[in-house]
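Read the structure below first, then the notes.
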Number of protein chains: 2
Amino acid sequence: MSECLFCKIIKGEIPSQKIFEDEDIVAFYDINPQSPVHILVVPKVHKATLDDLEDGDAHLVGKVTLAAIRLAKENQIAQNGYRLVWNCREQAGQTVFHIHLHLLGGRTFEWPPG
Amino acid sequence: MSECLFCKIIKGEIPSQKIFEDEDIVAFYDINPQSPVHILVVPKVHKATLDDLEDGDAHLVGKVTLAAIRLAKENQIAQNGYRLVWNCREQAGQTVFHIHLHLLGGRTFEWPPG
């Protein structure tokens, strides 16, 4: 766990542009943005993939999602629209194995979603 | 609300291939699939967009997400990877204004996600 990039960001061992933080969640800008606004919302607890979540994590997962929705409003991308994306494992493009929700907005998105 | 396509599916007024249902959620196959497995997970309560969710909905939103993760495992797409997508409003490609989580798997996904 101590080698996890996002755990290091959460602990402050690696700098990041944090835009939200509470006891359970941190949010910061993606360093490789795919849209004018591209934010990662990350639970502080280390879970490598979505498959590591358990039924008792429902509230936390919902809280992460609602934080992303709130950040969309605060970043003025809610009115036109935004996309939220969870990637699980390599085929989906997961690159950091600490779960995180992508908030993307500020442009039109294509379908399919990748 | 009575004109909502997904409310009609939930009530059984329009047929669908339901693959999961409990008191809060229904899941069925997308009629225009974008991947070998493409399932929609839908809360039964009518919310037009993600922006209509309130803090008290955290548990429900988490339950929808965990249901999608469980369905990924049951449909044998978890091991290689899958993507979960929420679209909010037109720029993101939301077409049915009753919130739903897309579960897509069974192929490799590109980045950006649309």
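In the structure tokens, chains take the letters A, B, ... in the order shown, each chain's residues start at 1, and ligands count up from 1 in the order shown.
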
May I ask you to extract the residues of chain B within 10 Å of chain A, using only C-alpha atoms, and to give them as JSON, numbers by chain? {"B": [33, 34, 35, 49, 50, 51, 52, 53, 54, 55, 56, 57, 58, 59, 60, 61, 62, 63, 64, 65, 66, 67, 69, 70, 72, 73, 77, 78, 79, 80, 81, 82, 83, 84, 85, 86, 87, 88, 89, 90, 91, 92, 93, 94, 101, 102, 103, 104, 105, 106, 107, 108, 109, 110, 111, 112, 113, 114]}

8 Å contact set for Leu5 in chain B, only C-alpha atoms, chain neighbours under 3 positions out, as a ChimeraX atom specification: /B:8-9,14,96

Taking the chain letters and numbering used in this document, name the residues of range 7-96 of chain A that DSSP puts in helix (DSSP H, G or I), as an MDAnalysis selection string. chainID A and resid 7:11 50:52 55:74 90:92

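Minimum atom-to-atom distances from A:Val37, A:Leu71, A:Ala48, A:Cys7 to Phe97 in chain A were compared using only C-alpha atoms, and the lowest value belongs to A:Ala48.
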
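Proximity to Gln17 in chain A at 12 Å, evaluated using only C-alpha atoms and with sequence-adjacent residues fewer than 5 positions away removed, yields Ile9, Ile10, Gly12, Val26, Ala27, Phe28, Tyr29, Asp30, Ile31, His38, Ile39 and Leu40 of chain A.
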
Could you write out the selected residues, including N, CA and C atoms, as a CSV table (one decimal), in the first residue's frame?
```csv
chain,number,residue,atom,x,y,z
A,9,ILE,N,-0.3,10.6,-2.5
A,9,ILE,CA,-0.9,11.9,-2.7
A,9,ILE,C,-1.8,12.2,-1.5
A,10,ILE,N,-2.6,11.2,-1.0
A,10,ILE,CA,-3.5,11.4,0.1
A,10,ILE,C,-2.7,11.8,1.3
A,12,GLY,N,0.1,13.3,1.4
A,12,GLY,CA,0.8,14.5,1.1
A,12,GLY,C,2.3,14.3,0.8
A,26,VAL,N,-10.6,12.6,-1.3
A,26,VAL,CA,-9.9,13.7,-1.8
A,26,VAL,C,-10.1,13.8,-3.3
A,27,ALA,N,-10.1,15.0,-3.8
A,27,ALA,CA,-10.3,15.3,-5.3
A,27,ALA,C,-9.2,16.2,-5.7
A,28,PHE,N,-8.6,15.9,-6.9
A,28,PHE,CA,-7.5,16.7,-7.5
A,28,PHE,C,-7.6,16.6,-9.0
A,29,TYR,N,-6.9,17.5,-9.7
A,29,TYR,CA,-7.0,17.5,-11.2
A,29,TYR,C,-6.1,16.4,-11.7
A,30,ASP,N,-6.7,15.7,-12.8
A,30,ASP,CA,-5.9,14.7,-13.5
A,30,ASP,C,-4.7,15.4,-14.2
A,31,ILE,N,-3.6,14.8,-14.1
A,31,ILE,CA,-2.4,15.4,-14.6
A,31,ILE,C,-2.3,15.2,-16.2
A,38,HIS,N,-11.2,18.1,-15.8
A,38,HIS,CA,-11.0,16.6,-15.6
A,38,HIS,C,-10.4,16.4,-14.2
A,39,ILE,N,-11.3,16.0,-13.4
A,39,ILE,CA,-11.0,15.9,-11.9
A,39,ILE,C,-11.1,14.4,-11.5
A,40,LEU,N,-10.2,14.0,-10.6
A,40,LEU,CA,-10.3,12.6,-10.1
A,40,LEU,C,-10.8,12.7,-8.6
```

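The interatomic distance for the pair CA of Glu21 in chain B and CA of His98 in chain A works out to 29.5 Å.
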